[in-house]
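Content type compact mmCIF, C-alpha atoms, from the file coords_16.txt:
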```txt
# COMPACT_ATOMS: atom_id res chain seq x y z
CA MET A 1 73.13 101.33 71.59
CA LYS A 2 73.73 104.93 70.57
CA THR A 3 76.74 105.94 68.53
CA ILE A 4 79.14 108.60 69.80
CA LEU A 5 77.58 111.23 67.54
CA GLU A 6 74.06 110.28 68.65
CA THR A 7 75.13 110.42 72.30
CA LEU A 8 76.71 113.84 71.86
CA GLN A 9 73.65 115.15 70.05
CA SER A 10 71.21 113.86 72.67
CA ARG A 11 73.24 115.20 75.60
CA LEU A 12 74.29 118.48 74.01
CA SER A 13 71.94 120.70 76.01
CA GLN A 14 73.06 119.07 79.27
CA LEU A 15 76.75 119.74 78.72
CA SER A 16 78.75 122.66 80.05
CA PRO A 17 79.58 125.47 77.59
CA VAL A 18 83.12 124.12 77.20
CA ASN A 19 81.95 120.59 76.48
CA GLN A 20 79.23 121.90 74.18
CA ALA A 21 81.90 123.60 72.07
CA LEU A 22 83.86 120.36 71.84
CA ALA A 23 80.77 118.27 71.11
CA ARG A 24 79.75 120.61 68.29
CA HIS A 25 83.23 120.35 66.82
CA VAL A 26 82.93 116.55 66.76
CA ILE A 27 79.38 116.55 65.39
CA THR A 28 80.07 119.16 62.71
CA ASP A 29 83.20 117.58 61.25
CA PRO A 30 84.23 114.24 62.79
CA GLU A 31 86.86 113.58 60.12
CA THR A 32 88.68 116.82 60.89
CA PHE A 33 88.41 116.12 64.62
CA ILE A 34 90.01 112.69 64.16
CA ALA A 35 92.92 114.14 62.17
CA GLN A 36 93.69 116.94 64.65
CA THR A 37 96.10 117.04 67.57
CA THR A 38 94.91 117.85 71.08
CA ALA A 39 96.22 121.38 70.64
CA GLN A 40 94.42 121.84 67.33
CA ILE A 41 91.13 120.55 68.75
CA ALA A 42 91.49 122.90 71.71
CA HIS A 43 92.28 125.85 69.45
CA ALA A 44 89.40 125.12 67.06
CA SER A 45 86.94 124.78 69.95
CA GLY A 46 88.24 127.73 71.94
CA VAL A 47 89.04 125.62 75.01
CA SER A 48 92.14 124.34 76.79
CA ALA A 49 93.97 121.09 76.02
CA ALA A 50 93.05 119.83 79.48
CA SER A 51 89.37 120.36 78.65
CA VAL A 52 89.72 118.07 75.62
CA ILE A 53 90.99 115.24 77.82
CA ARG A 54 88.27 115.81 80.42
CA PHE A 55 85.68 115.84 77.64
CA VAL A 56 86.51 112.37 76.30
CA ARG A 57 86.76 110.95 79.81
CA GLN A 58 83.26 112.23 80.53
CA PHE A 59 82.10 109.80 77.87
CA GLU A 60 84.07 106.96 79.49
CA PHE A 61 87.09 106.94 77.19
CA ALA A 62 90.53 106.61 78.77
CA ASP A 63 92.17 109.07 76.40
CA LEU A 64 91.69 111.06 73.21
CA GLN A 65 93.15 108.35 70.99
CA SER A 66 90.59 105.80 72.22
CA PHE A 67 87.79 108.28 71.53
CA LYS A 68 89.10 108.92 68.01
CA LEU A 69 89.43 105.22 67.23
CA ALA A 70 85.88 104.53 68.36
CA LEU A 71 84.60 107.48 66.34
CA ALA A 72 86.52 106.34 63.26
CA ARG A 73 85.07 102.82 63.53
CA GLU A 74 81.54 104.17 63.80
CA LYS A 75 82.02 106.39 60.79
CA THR A 76 83.71 103.55 58.85
CA LEU A 77 86.36 106.03 57.81
CA PRO A 78 89.28 104.92 55.65
CA ALA A 79 92.49 104.09 57.51
CA GLU A 80 94.32 107.12 56.10
CA VAL A 81 91.93 109.47 57.92
CA MET A 82 93.34 108.23 61.21
CA PRO A 83 96.98 109.37 60.97
CA LEU A 84 99.73 107.78 63.02
CA ASP A 85 100.65 111.21 64.32
CA PRO A 86 98.54 114.27 63.39
CA LEU A 87 101.41 116.60 64.31
CA VAL A 88 102.87 116.26 60.82
CA GLN A 89 101.37 115.28 57.47
CA ASP A 90 102.89 114.83 54.01
CA ASP A 91 101.26 117.97 52.63
CA ASP A 92 102.32 120.25 55.52
CA ASP A 93 104.63 123.10 54.58
CA LEU A 94 107.25 124.47 56.99
CA SER A 95 105.01 127.25 58.26
CA THR A 96 102.22 124.79 59.04
CA MET A 97 104.56 122.48 60.93
CA MET A 98 106.01 125.38 62.91
CA HIS A 99 102.55 126.61 63.90
CA LYS A 100 101.43 123.09 64.81
CA LEU A 101 104.48 122.61 66.99
CA SER A 102 104.02 126.00 68.67
CA GLN A 103 100.37 125.28 69.42
CA THR A 104 101.28 121.85 70.73
CA ALA A 105 104.02 123.21 73.00
CA ILE A 106 101.81 125.95 74.42
CA ALA A 107 98.87 123.61 74.98
CA ALA A 108 101.10 120.95 76.54
CA VAL A 109 102.39 123.14 79.37
CA ARG A 110 99.74 125.84 79.76
CA ASP A 111 97.40 123.76 81.90
CA LEU A 112 99.99 121.63 83.70
CA PRO A 113 99.94 123.69 86.93
CA ASP A 114 96.26 122.78 87.30
CA GLU A 115 96.56 119.23 86.00
CA LEU A 116 99.52 118.06 88.07
CA ASP A 117 99.01 116.82 91.61
CA GLN A 118 100.86 119.57 93.44
CA SER A 119 100.98 117.57 96.66
CA ALA A 120 102.84 114.81 94.78
CA VAL A 121 105.23 117.36 93.27
CA GLN A 122 105.90 118.89 96.70
CA SER A 123 106.45 115.45 98.20
CA ALA A 124 108.96 114.65 95.46
CA ILE A 125 110.81 117.93 96.04
CA THR A 126 111.03 117.26 99.78
CA THR A 127 112.35 113.76 99.12
CA LEU A 128 115.01 115.02 96.71
CA ARG A 129 116.15 117.73 99.10
CA GLN A 130 116.78 115.11 101.78
CA ALA A 131 118.37 112.49 99.53
CA ARG A 132 122.03 111.57 99.88
CA HIS A 133 122.24 110.49 96.24
CA ILE A 134 119.72 111.24 93.49
CA TYR A 135 119.44 108.58 90.78
CA LEU A 136 117.97 109.66 87.43
CA VAL A 137 116.61 106.98 85.11
CA GLY A 138 115.13 107.19 81.62
CA VAL A 139 115.30 105.51 78.23
CA SER A 140 115.26 107.01 74.73
CA ALA A 141 113.54 110.43 74.70
CA SER A 142 112.96 110.27 78.45
CA ALA A 143 116.70 109.74 78.91
CA LEU A 144 117.27 113.24 77.53
CA VAL A 145 115.01 114.67 80.22
CA ALA A 146 116.69 112.61 82.94
CA GLN A 147 120.14 113.69 81.77
CA ASP A 148 119.15 117.36 81.68
CA LEU A 149 117.97 117.19 85.29
CA TYR A 150 121.17 115.33 86.20
CA LEU A 151 123.34 118.07 84.69
CA LYS A 152 121.43 120.80 86.50
CA LEU A 153 121.67 119.01 89.84
CA ILE A 154 125.39 118.25 89.72
CA ARG A 155 126.22 121.82 88.77
CA ALA A 156 124.14 123.06 91.70
CA GLY A 157 126.20 120.86 94.02
CA TYR A 158 123.97 117.82 94.47
CA VAL A 159 125.20 114.25 94.17
CA ALA A 160 123.27 112.96 91.17
CA ILE A 161 123.79 109.81 89.12
CA PHE A 162 122.70 109.08 85.56
CA ASP A 163 123.72 106.24 83.24
CA HIS A 164 123.19 106.24 79.48
CA ASP A 165 123.57 102.47 79.47
CA THR A 166 120.30 101.04 80.79
CA HIS A 167 121.89 97.80 81.97
CA THR A 168 124.28 99.82 84.10
CA ALA A 169 121.37 101.85 85.44
CA VAL A 170 119.58 98.66 86.48
CA GLU A 171 122.75 97.28 88.07
CA ARG A 172 123.37 100.53 89.92
CA ALA A 173 119.84 100.39 91.33
CA TYR A 174 120.99 97.37 93.34
CA TYR A 175 123.14 99.68 95.47
CA THR A 176 120.49 102.28 96.30
CA THR A 177 119.63 102.82 99.96
CA PRO A 178 116.75 104.32 101.95
CA ALA A 179 118.83 107.50 102.24
CA ASP A 180 118.83 107.94 98.45
CA ALA A 181 116.09 108.80 95.96
CA MET A 182 115.35 107.75 92.40
CA VAL A 183 113.48 109.74 89.74
CA VAL A 184 112.24 107.68 86.80
CA PHE A 185 111.00 109.30 83.59
CA SER A 186 108.85 107.15 81.31
CA TYR A 187 105.78 108.42 79.50
CA SER A 188 104.41 104.93 78.87
CA GLY A 189 105.44 103.46 82.23
CA LEU A 190 105.91 100.18 80.38
CA THR A 191 109.63 100.24 79.51
CA LYS A 192 111.13 97.16 81.12
CA GLU A 193 114.53 98.64 82.02
CA VAL A 194 113.14 101.57 84.00
CA VAL A 195 110.54 99.37 85.67
CA LEU A 196 113.27 96.92 86.78
CA ALA A 197 115.36 99.78 88.17
CA ALA A 198 112.37 101.17 90.06
CA GLN A 199 111.39 97.76 91.44
CA GLN A 200 114.93 97.09 92.66
CA ALA A 201 115.14 100.50 94.32
CA ARG A 202 111.84 99.89 96.10
CA ARG A 203 113.12 96.54 97.34
CA ASN A 204 115.95 98.55 98.88
CA GLN A 205 113.35 100.87 100.45
CA THR A 206 114.59 103.73 98.28
CA PRO A 207 111.95 106.38 97.51
CA VAL A 208 111.05 106.18 93.81
CA ILE A 209 109.47 109.15 92.05
CA ALA A 210 107.81 108.21 88.76
CA VAL A 211 107.07 110.85 86.13
CA THR A 212 104.67 109.04 83.82
CA ARG A 213 101.29 109.31 82.14
CA HIS A 214 98.04 109.18 84.05
CA GLU A 215 97.30 105.55 83.16
CA PRO A 216 97.84 102.22 84.97
CA SER A 217 101.34 100.82 84.44
CA PRO A 218 103.99 98.66 86.15
CA LEU A 219 106.03 101.80 86.83
CA ARG A 220 103.18 103.44 88.72
CA GLU A 221 102.83 100.28 90.81
CA ALA A 222 106.55 100.27 91.63
CA ALA A 223 106.78 103.96 92.57
CA SER A 224 106.34 105.45 96.02
CA CYS A 225 105.40 108.83 94.51
CA VAL A 226 103.76 109.38 91.12
CA ILE A 227 103.71 112.66 89.22
CA ALA A 228 101.04 111.86 86.65
CA LEU A 229 101.20 113.51 83.24
CA PRO A 230 98.07 114.09 81.15
CA PRO A 231 97.86 111.43 78.39
CA THR A 232 97.88 113.91 75.52
CA GLU A 233 100.05 111.78 73.22
CA PRO A 234 99.44 108.23 71.96
CA LEU A 235 102.13 105.64 72.65
CA LEU A 236 102.48 105.00 68.91
CA ARG A 237 103.62 108.27 67.34
CA ILE A 238 106.23 109.55 64.93
CA GLY A 239 108.25 111.09 67.74
CA ALA A 240 107.95 112.00 71.41
CA VAL A 241 106.97 115.67 71.35
CA THR A 242 104.19 116.52 73.80
CA SER A 243 105.46 113.96 76.29
CA MET A 244 108.93 115.53 76.22
CA PHE A 245 107.46 118.99 76.80
CA THR A 246 105.54 117.79 79.85
CA GLU A 247 108.36 115.64 81.24
CA THR A 248 110.81 118.53 80.84
CA TYR A 249 108.39 120.86 82.60
CA VAL A 250 108.20 118.50 85.58
CA ALA A 251 111.98 117.99 85.63
CA ASN A 252 112.53 121.74 85.77
CA ILE A 253 109.91 122.21 88.49
CA LEU A 254 111.64 119.52 90.55
CA PHE A 255 115.00 121.24 90.07
CA LEU A 256 113.68 124.70 90.93
CA GLY A 257 111.90 123.27 93.96
CA VAL A 258 115.08 121.60 95.19
CA VAL A 259 117.27 124.70 94.91
CA GLN A 260 114.56 127.10 96.09
CA GLY A 261 115.55 128.28 99.54
CA GLU A 262 119.23 127.81 98.72
CA ILE A 263 119.50 130.27 95.86
CA LYS A 264 122.60 132.03 97.22
CA LYS A 265 124.43 128.73 97.61
CA THR A 266 123.34 127.67 94.13
CA GLU A 267 124.52 130.97 92.65
CA GLN A 268 127.90 130.56 94.35
CA ASN A 269 128.23 127.04 92.96
CA TYR A 270 127.31 128.22 89.48
CA ARG A 271 129.84 131.05 89.59
CA ALA A 272 132.55 128.72 90.88
CA THR A 273 131.91 126.06 88.24
CA SER A 274 131.64 128.71 85.54
CA GLN A 275 135.05 130.07 86.51
CA LEU A 276 136.47 126.55 86.56
CA THR A 277 135.28 125.82 83.03
CA SER A 278 135.96 129.29 81.65
CA GLU A 279 139.27 128.11 80.19
CA LEU A 280 137.31 125.73 77.98
CA LYS A 281 135.52 128.62 76.27
CA ILE A 282 136.75 130.19 73.04
CA ARG A 283 137.73 133.75 73.82
CA GLY A 284 138.17 136.85 71.75
CA GLU A 285 136.45 140.06 70.80
CA LYS A 286 134.81 138.39 67.82
CA TYR A 287 132.92 135.85 69.95
CA VAL A 288 132.51 136.05 73.70
CA ASN A 289 132.69 139.78 74.32
CA ARG A 290 130.79 141.08 71.32
CA ARG A 291 127.48 141.53 73.10
CA LEU A 292 129.17 142.98 76.18
CA ASN A 293 131.09 145.42 74.00
CA ASP A 294 127.89 146.48 72.25
CA ARG A 295 126.28 147.13 75.62
CA ALA A 296 129.31 149.08 76.80
CA LYS A 297 129.24 151.24 73.67
CA LYS A 298 125.55 151.99 74.12
CA SER A 299 126.12 152.78 77.78
CA GLY A 300 129.01 155.07 76.85
CA GLN A 301 126.94 156.86 74.25
CA HIS A 302 124.20 157.37 76.82
CA THR A 303 126.75 158.78 79.31
CA HIS A 304 128.16 161.19 76.73
CA ARG A 305 124.70 162.46 75.88
CA HIS A 306 123.96 162.90 79.56
CA ASN A 307 127.19 164.87 80.08
CA ASP A 308 126.51 167.04 77.03
CA ASN A 309 123.06 167.85 78.32
CA ALA A 310 124.52 168.72 81.70
```
I'd like the structure from this file rewritten - as structure tokens, please.
Amino acid sequence: MKTILETLQSRLSQLSPVNQALARHVITDPETFIAQTTAQIAHASGVSAASVIRFVRQFEFADLQSFKLALAREKTLPAEVMPLDPLVQDDDDLSTMMHKLSQTAIAAVRDLPDELDQSAVQSAITTLRQARHIYLVGVSASALVAQDLYLKLIRAGYVAIFDHDTHTAVERAYYTTPADAMVVFSYSGLTKEVVLAAQQARRNQTPVIAVTRHEPSPLREAASCVIALPPTEPLLRIGAVTSMFTETYVANILFLGVVQGEIKKTEQNYRATSQLTSELKIRGEKYVNRRLNDRAKKSGQHTHRHNDNA
């Protein structure tokens, strides 16, 4: 049976130009390839992050991490070559970390419009527009995404519900109805609390929209609509970074899709709520009005010059 490197070498001429670039990167320096993030591999090969994922799947690997592990075993590389999370290493300086993070963020969202199932996204938007109540569910890092969408929706005038306490979220799922909708964020799709909430909602015939990675999971099975994220991040990592970028992207697309067509109403709601909470803002020339005053001064200077020229 051929090794990965032997397979790549033998099939090199048959690959597309994009896959040839990736294959050469692996063949030339497998240790560097193993230590790199998806974004770094894409940048080094001159391709997109989505192309990296498609490349490893072409060779029957579920995701990049599986490909790296198999390559590391074949090369009998020491354990330290296969980092827990290549996004940050002990010898990285601040500039390196900042550039890594920027590359990762750009690569994570750049190809999402082509990678996401737009029919699933549109179906989710339609469901949310028609929902009486919108339940948002997420745990840990995904809870931050769920809460952000919740805050946007309630300010725009929608009846949204989010619970920090996961037990409460599961209990509340008992009261969902077919007229409601639930959006569940979970990159792994394996977190028991969110799966239980989704399963209960489905028993109540409530539409459940799952935002999760493109891999089999109990959450995918429980959902009525799945917005599948590219599996660009391993489940074991130092922190949820790429997954948060992609989940946040989807959350914002859902929000924009829901309010699209009702922009005037949304603007009115935003102005009204802004006025309501204006008393909670610290006022004074030193803070709130500084930028406005600067603009006014510049505008005044421009007017004076115009009058002088006249």
So which residues touch Thr206 of chain A within 8 Å, counting all atoms listed in the file, skipping near sequence neighbours fewer than 4 positions away, as a PyMOL selection string? chain A and resi 176-182+201-202
Contacts of Ile161 of chain A within 9 Å, only C-alpha atoms, excl. fewer than 5 positions in-chain, as a ChimeraX atom specification: /A:133-137,150,154
Proximity to Val258 of chain A - best of A:Ile106, A:Leu112, A:Leu149, A:Ile41, only C-alpha atoms: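 Between A:Ile106, A:Leu112, A:Leu149, A:Ile41, the residue approaching Val258 of chain A most closely is A:Leu149.
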What is the distance, in Å and to one decimal place, between atom CA of His25 of chain A and atom CA of Val241 of chain A?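 These two atoms are separated by 24.6 Å.
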Shell around Leu5 of chain A at 10 Å using all atoms listed in the file, local window under 2 positions removed, as a tab-separated table (two decimals) with C-alpha atoms, in the coordinates of the input:
```tsv
chain	number	residue	atom	x	y	z
A	2	LYS	CA	73.73	104.93	70.57
A	3	THR	CA	76.74	105.94	68.53
A	7	THR	CA	75.13	110.42	72.30
A	8	LEU	CA	76.71	113.84	71.86
A	9	GLN	CA	73.65	115.15	70.05
A	10	SER	CA	71.21	113.86	72.67
A	11	ARG	CA	73.24	115.20	75.60
A	23	ALA	CA	80.77	118.27	71.11
A	24	ARG	CA	79.75	120.61	68.29
A	26	VAL	CA	82.93	116.55	66.76
A	27	ILE	CA	79.38	116.55	65.39
A	28	THR	CA	80.07	119.16	62.71
A	30	PRO	CA	84.23	114.24	62.79
A	71	LEU	CA	84.60	107.48	66.34
A	74	GLU	CA	81.54	104.17	63.80
A	75	LYS	CA	82.02	106.39	60.79
```
Selected residue, from A:Asp93, A:Pro207, A:Leu15, A:Ser45, that lies nearest to Ser224 of chain A when counting only C-alpha atoms: A:Pro207
In Å to one decimal, how far is atom CA of Leu229 of chain A from atom CA of Asp117 of chain A?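 Those two atoms sit 9.3 Å apart.
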Which of these residues is nearest to Val56 of chain A, using only C-alpha atoms: A:His167, A:Pro231, A:Gln147, A:Gln40?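 Distance minimum relative to Val56 of chain A lands on A:Pro231.
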Residues at most 6 Å from segment 118-129 of chain A, counting only C-alpha atoms, excluding those fewer than 2 positions away in the same chain, as a VMD selection string? chain A and resid 116 131 254 257 to 258
So how many Å separate atom CA of Lys68 of chain A and atom CA of Phe33 of chain A, to one decimal?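 About the pair atom CA of Lys68 of chain A and atom CA of Phe33 of chain A: they are 8.0 Å apart.
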List the neighbours of Tyr187 of chain A out to 7 Å using all atoms listed in the file; skip same-chain residues closer than 4 positions along the sequence, and give me the result as an MDAnalysis selection string. chainID A and resid 212:213 243
A:Ser48, A:Val18, A:Thr242, A:Arg172 ranked by distance to Ser142 of chain A, top pick (using all atoms listed in the file):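 Among A:Ser48, A:Val18, A:Thr242, A:Arg172, it is A:Thr242 that comes nearest to Ser142 of chain A.
For the set A:Ala35, A:Arg220, A:Arg132, A:Glu6, the residue with the smallest atom-to-atom gap to Gln65 of chain A is A:Ala35, counting only C-alpha atoms.
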Pull the neighbourhood of (93.1, 119.6, 78.5) for me: all residues within 9 Å in file coordinates, counting all atoms listed in the file, as a compact mmCIF listing (two decimals) with C-alpha atoms, keeping the file's coordinate frame.
```txt
# COMPACT_ATOMS: atom_id res chain seq x y z
CA THR A 38 94.91 117.85 71.08
CA ALA A 39 96.22 121.38 70.64
CA ALA A 42 91.49 122.90 71.71
CA VAL A 47 89.04 125.62 75.01
CA SER A 48 92.14 124.34 76.79
CA ALA A 49 93.97 121.09 76.02
CA ALA A 50 93.05 119.83 79.48
CA SER A 51 89.37 120.36 78.65
CA VAL A 52 89.72 118.07 75.62
CA ILE A 53 90.99 115.24 77.82
CA ARG A 54 88.27 115.81 80.42
CA PHE A 55 85.68 115.84 77.64
CA ALA A 107 98.87 123.61 74.98
CA ALA A 108 101.10 120.95 76.54
CA ASP A 111 97.40 123.76 81.90
CA LEU A 112 99.99 121.63 83.70
CA GLU A 115 96.56 119.23 86.00
CA PRO A 230 98.07 114.09 81.15
CA THR A 232 97.88 113.91 75.52
```
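The nearest approach to Gly138 of chain A among the residues A:Val183, A:Leu101, A:Ala44, A:Val159, with all atoms listed in the file taken into account, belongs to A:Val183.
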